[in-house]
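Visitor: Supplied in structure tokens, the structure appears directly below.
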Amino acid sequence: MNFQLSEEHLAVQAVAREFAQKELKPGVIERDSKMEYPYEQIKRMGELGFMGMMVSPEYGGGGMDTLSYVLAMEEISKVDNSCSVIMSVNNSLVCWGLETFGTAEQKNKYLPKLASGEWLGSFCLSEPEAGSDATSQSTTAVDMGDHYLLNGTKNWITSGGTSKIHLVMAQTHPELGSRGINCLIVETSSPGVAIGAKEDKLGIRSSDTHTIMYTDVVVPKENRIGEDGFGFKFAMKTLGGGRIGIAAQALGIAGGAYELALGYSKQRTTFGKPINQHQAIAFKLADMATEIEAAKLMVYRAAWLKDQHQDYTAASAMAKLFASEVAMRHSVEAVQIHGGYGFVKEYHVERLMRDAKITQIYEGTSEVQRIVISREISNDKPYLPA
Ligand code: CAA
């Protein structure tokens, strides 16, 4: 076992940290308050190679491993979770899904634009009545011979107002249940694609989350990913890796809140000494540091398993479940350590606390992660790789 990050990993971490602290931090409070989309920041993230980190260089990506992606997500999420969710969906749901399961034509057509950040992609699974119960798709893709006719509504779509392609899960053979679902690549310029209003959210406020309506959208057959009926498995397999990205985001939120709380506790004095010298605060910081270290090991291990081509279904669900609970718990504690200052925007911790909540909800709620974990362990999947 080796807990040492490589030179390459340390370099990725350092670049991401510097970018987040120097280029994302100034302006993040204003963007969050005004729900201002981070156009310049996302463009810059494309230039720095953060939008297609794991995509093979053949398609213009960084050719990096999952751990590199996790390290970058973690540093960016210490500061700006609107930017990191846009990055996460583009990298681990859209680019990874396309590169792993797409045809050569689909990869050549879409990956270079997505990996460079010139285009963003969205992952369209959730519906008004199909969130956790994702097999209950109402969106239909009727087989018309050489094309599908797509109708339905998707909601909570990250990058919904800016993305150029959607990976849309839709039902083609209702009698087959989840085995009748297809994933279609839909260009957002296609006639019949309509974008609803931007959601006004508790956290990740400057990311663009929208409802999308599809009315008689003609999607060529060659835009289907995988065999007929592969769409639900595509979504589940892709979300397995996506959950590692969100776990890294949660880890970053917890780490960012902890770094701010630790720094504040050293310079804030009460009763004649810095507050980190009072046991009430020192113990909070000790609990934060301990649980964040535990979350880090789980998230890095899930990434490592994926990179080793070993089964990571349970590991990614466990990492997301634990890291998101740690992010929520300790971002609340970071606000408490800051006292009244924690309650105002200027000190950044209240934003991290608001951002933490969504990591327990998207890409599978904490309850869905427990479903996945309990099914895996009842199938006697090994606790650690054999
Ligand atoms: N890999 C491969 N196949 C899988 C799989 C996996 N990880 N998980 C399930 N499947 C397969 C099953 O084997 C089964 O296939 P067969 O019929 O051939 O046996 C099929 O998929 C159906 O699976 P289940 O019977 O387990 O389905 P279920 O109805 O019980 O649901 C669930 C399982 C885990 C609860 C699933 O519905 C789920 O993950 N729900 C949450 C959805 C989710 O995470 N949504 C997030 C939206 S995306 C997002 O948030 C992005 C963003 O913008 C930030």
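Going through the structure tokens in order, the chains are called A, B, and so on, while each chain numbers its residues from 1 and the ligands are numbered from 1 in the order shown.
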Counting only C-alpha atoms and all ligand atoms, which residues in chain A sit no more than 6 Å from ligand 1? For each one, give the nearest pair of atoms and the distance in Å, sorted by chain then residue number, as a tab-separated table.
Guide:
residue	atom	partner	partner_atom_place_in_ligand_line	distance
A:Phe123	CA	ligand 1	51 (C)	5.9
A:Leu125	CA	ligand 1	47 (C)	5.5
A:Ser126	CA	ligand 1	47 (C)	5.2
A:Gly131	CA	ligand 1	45 (N)	5.8
A:Ser132	CA	ligand 1	41 (C)	4.0
A:Asp133	CA	ligand 1	37 (O)	4.7
A:Ala134	CA	ligand 1	37 (O)	4.1
A:Thr135	CA	ligand 1	29 (O)	5.1
A:Ile157	CA	ligand 1	53 (O)	5.0
A:Thr158	CA	ligand 1	53 (O)	4.2
A:Ser178	CA	ligand 1	22 (C)	5.5
A:Arg179	CA	ligand 1	17 (O)	5.9
A:Phe232	CA	ligand 1	21 (O)	5.9
A:Lys233	CA	ligand 1	3 (N)	4.4
A:Met236	CA	ligand 1	6 (C)	4.6
A:Lys237	CA	ligand 1	1 (N)	4.5
A:Thr313	CA	ligand 1	7 (N)	5.9
A:Tyr362	CA	ligand 1	50 (O)	4.0
A:Glu363	CA	ligand 1	46 (C)	3.5
A:Gly364	CA	ligand 1	44 (O)	3.3
A:Val368	CA	ligand 1	35 (C)	5.5
A:Val372	CA	ligand 1	34 (C)	5.5
Visitor: For segment 25-36 of chain A, please output as JSON, numbers by chain all residues within 12 Å (counting only C-alpha atoms; exclusion window: fewer than 6 positions along the same chain).
Guide: {"A": [17, 18, 19, 75, 76, 77, 78, 79, 80, 81, 82, 83, 198, 199, 200, 201, 202, 203, 204, 205, 206, 207, 208, 209, 256, 344, 345, 346, 347, 348, 349, 350, 351, 352, 354, 355]}
Visitor: With distances taken over only C-alpha atoms, which residue among A:Gly102, A:Gly231, A:Gly252, A:Gly196 lies nearest Ser331 of chain A?
Guide: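 So, comparing all the options, the nearest one is A:Gly252.
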Visitor: Mind pulling up the distance from atom CA of Leu297 of chain A to atom CA of Ser316 of chain A?
Guide: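 Computed distance, atom CA of Ser316 of chain A to atom CA of Leu297 of chain A, equals 11.7 Å.
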Visitor: As an NGL selection string, which residues of segment 49-293 of chain A does DSSP assign to helix (DSSP H, G or I)?
Guide: :A and (57-59 or 66-77 or 81-101 or 104-116 or 174-180 or 221-223 or 231-267 or 275-277 or 279-293)
Visitor: Selection from above, C-alpha atoms, as a short mmCIF file (atom, residue, chain, number, x, y, z; two decimals), in the first residue's frame, can you write it?
Guide:
data_model
loop_
_atom_site.label_atom_id
_atom_site.label_comp_id
_atom_site.auth_asym_id
_atom_site.auth_seq_id
_atom_site.Cartn_x
_atom_site.Cartn_y
_atom_site.Cartn_z
CA PRO A 57 -5.17 12.80 -25.87
CA GLU A 58 -6.37 11.30 -29.18
CA TYR A 59 -9.56 13.32 -28.64
CA THR A 66 -9.35 9.41 -12.03
CA LEU A 67 -7.21 10.36 -9.03
CA SER A 68 -5.90 13.44 -10.89
CA TYR A 69 -9.48 14.43 -11.66
CA VAL A 70 -10.45 13.92 -8.00
CA LEU A 71 -7.55 16.08 -6.77
CA ALA A 72 -8.54 18.90 -9.13
CA MET A 73 -12.22 18.62 -8.18
CA GLU A 74 -11.29 18.76 -4.50
CA GLU A 75 -9.26 21.97 -4.79
CA ILE A 76 -11.79 23.74 -7.02
CA SER A 77 -14.64 22.68 -4.69
CA ASN A 81 -18.92 24.54 -6.39
CA SER A 82 -20.85 26.01 -9.29
CA CYS A 83 -17.69 25.67 -11.37
CA SER A 84 -16.90 22.23 -9.96
CA VAL A 85 -20.34 20.76 -10.68
CA ILE A 86 -20.17 21.98 -14.29
CA MET A 87 -16.69 20.43 -14.49
CA SER A 88 -17.84 17.19 -12.87
CA VAL A 89 -20.82 16.59 -15.15
CA ASN A 90 -18.76 17.36 -18.27
CA ASN A 91 -15.87 15.10 -17.21
CA SER A 92 -17.34 12.09 -15.52
CA LEU A 93 -20.85 11.80 -16.89
CA VAL A 94 -20.65 13.18 -20.42
CA CYS A 95 -17.03 12.71 -21.61
CA TRP A 96 -16.42 9.45 -19.75
CA GLY A 97 -19.77 8.00 -20.84
CA LEU A 98 -19.17 8.92 -24.47
CA GLU A 99 -15.58 7.73 -24.57
CA THR A 100 -16.35 4.43 -22.85
CA PHE A 101 -19.54 3.46 -24.65
CA ALA A 104 -15.80 5.97 -33.11
CA GLU A 105 -17.97 8.46 -35.05
CA GLN A 106 -19.64 9.78 -31.89
CA LYS A 107 -16.28 10.17 -30.15
CA ASN A 108 -14.65 11.90 -33.11
CA LYS A 109 -17.60 14.23 -33.52
CA TYR A 110 -18.13 15.30 -29.91
CA LEU A 111 -15.18 14.57 -27.65
CA PRO A 112 -12.65 17.14 -28.95
CA LYS A 113 -15.17 19.97 -28.43
CA LEU A 114 -16.22 18.69 -24.99
CA ALA A 115 -12.71 17.95 -23.75
CA SER A 116 -11.47 21.43 -24.64
CA PRO A 174 -42.06 0.29 -22.14
CA GLU A 175 -42.94 -3.41 -21.92
CA LEU A 176 -39.27 -4.15 -21.17
CA GLY A 177 -38.97 -1.73 -18.24
CA SER A 178 -35.39 -0.61 -17.59
CA ARG A 179 -34.19 -2.84 -20.46
CA GLY A 180 -36.23 -0.76 -22.91
CA LYS A 221 -30.31 6.39 -35.01
CA GLU A 222 -26.53 6.82 -35.10
CA ASN A 223 -26.87 9.04 -32.02
CA GLY A 231 -29.62 3.28 -21.86
CA PHE A 232 -30.37 2.45 -18.23
CA LYS A 233 -27.21 0.40 -17.79
CA PHE A 234 -25.31 3.25 -19.47
CA ALA A 235 -26.75 5.67 -16.92
CA MET A 236 -25.92 3.43 -13.95
CA LYS A 237 -22.38 2.64 -15.09
CA THR A 238 -21.69 6.29 -15.84
CA LEU A 239 -23.15 7.43 -12.52
CA GLY A 240 -20.81 5.00 -10.75
CA GLY A 241 -17.90 7.20 -11.84
CA GLY A 242 -19.91 10.42 -11.54
CA ARG A 243 -20.43 9.68 -7.87
CA ILE A 244 -16.65 9.67 -7.35
CA GLY A 245 -16.61 13.21 -8.79
CA ILE A 246 -19.36 14.37 -6.44
CA ALA A 247 -17.63 12.63 -3.52
CA ALA A 248 -14.54 14.68 -4.43
CA GLN A 249 -16.66 17.80 -4.53
CA ALA A 250 -17.99 17.02 -1.04
CA LEU A 251 -14.46 16.35 0.17
CA GLY A 252 -13.41 19.74 -1.18
CA ILE A 253 -16.32 21.50 0.55
CA ALA A 254 -15.41 19.86 3.88
CA GLY A 255 -11.72 20.63 3.38
CA GLY A 256 -12.40 24.23 2.37
CA ALA A 257 -14.64 24.82 5.38
CA TYR A 258 -12.05 23.21 7.67
CA GLU A 259 -9.17 25.32 6.29
CA LEU A 260 -11.21 28.51 6.81
CA ALA A 261 -12.29 27.48 10.33
CA LEU A 262 -8.76 26.50 11.37
CA GLY A 263 -7.31 29.78 10.07
CA TYR A 264 -10.00 31.84 11.78
CA SER A 265 -9.65 29.95 15.06
CA LYS A 266 -5.94 30.80 15.25
CA GLN A 267 -6.44 34.52 14.88
CA ILE A 275 -10.21 30.20 20.23
CA ASN A 276 -8.39 27.08 18.96
CA GLN A 277 -6.84 26.93 22.45
CA GLN A 279 -11.17 22.77 24.15
CA ALA A 280 -14.72 23.42 22.85
CA ILE A 281 -13.27 24.62 19.53
CA ALA A 282 -10.14 22.42 19.52
CA PHE A 283 -12.29 19.27 19.73
CA LYS A 284 -14.55 20.44 16.90
CA LEU A 285 -11.44 20.94 14.73
CA ALA A 286 -10.06 17.54 15.77
CA ASP A 287 -13.32 15.84 14.73
CA MET A 288 -13.34 17.74 11.44
CA ALA A 289 -9.75 16.79 10.62
CA THR A 290 -10.35 13.12 11.51
CA GLU A 291 -13.50 12.69 9.44
CA ILE A 292 -12.09 14.60 6.48
CA GLU A 293 -9.04 12.30 6.46
#
Visitor: Run DSSP on the backbone and give me the residues of segment 129-372 of chain A it puts in strand (DSSP E), as a ChimeraX atom specification.
Guide: /A:140-143,147-158,165-171,181-187,193-198,209-220,269-270,273-274
Visitor: With only C-alpha atoms as the basis for distance, which of A:Ile181, A:Val332, A:Tyr300, A:Arg375 is at the shortest distance from Gln4 of chain A?
Guide: A:Tyr300
Visitor: Between atom CA of Ile371 of chain A and atom CA of Met318 of chain A, what is the distance, to one decimal in Å?
Guide: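 Rounded to one decimal, the two atoms are 10.7 Å apart.
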Visitor: One number please: atom CA of Val15 of chain A to atom CA of Val55 of chain A, in Å, one decimal.
Guide: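 Calculated distance between atom CA of Val15 of chain A and atom CA of Val55 of chain A is 18.6 Å.
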Visitor: Rank nothing, just name the residue among A:Thr269, A:Gln369, A:Gln21, A:Thr103 nearest to Ile337 of chain A, using only C-alpha atoms.
Guide: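 Selected residue with least distance to Ile337 of chain A: A:Thr269.
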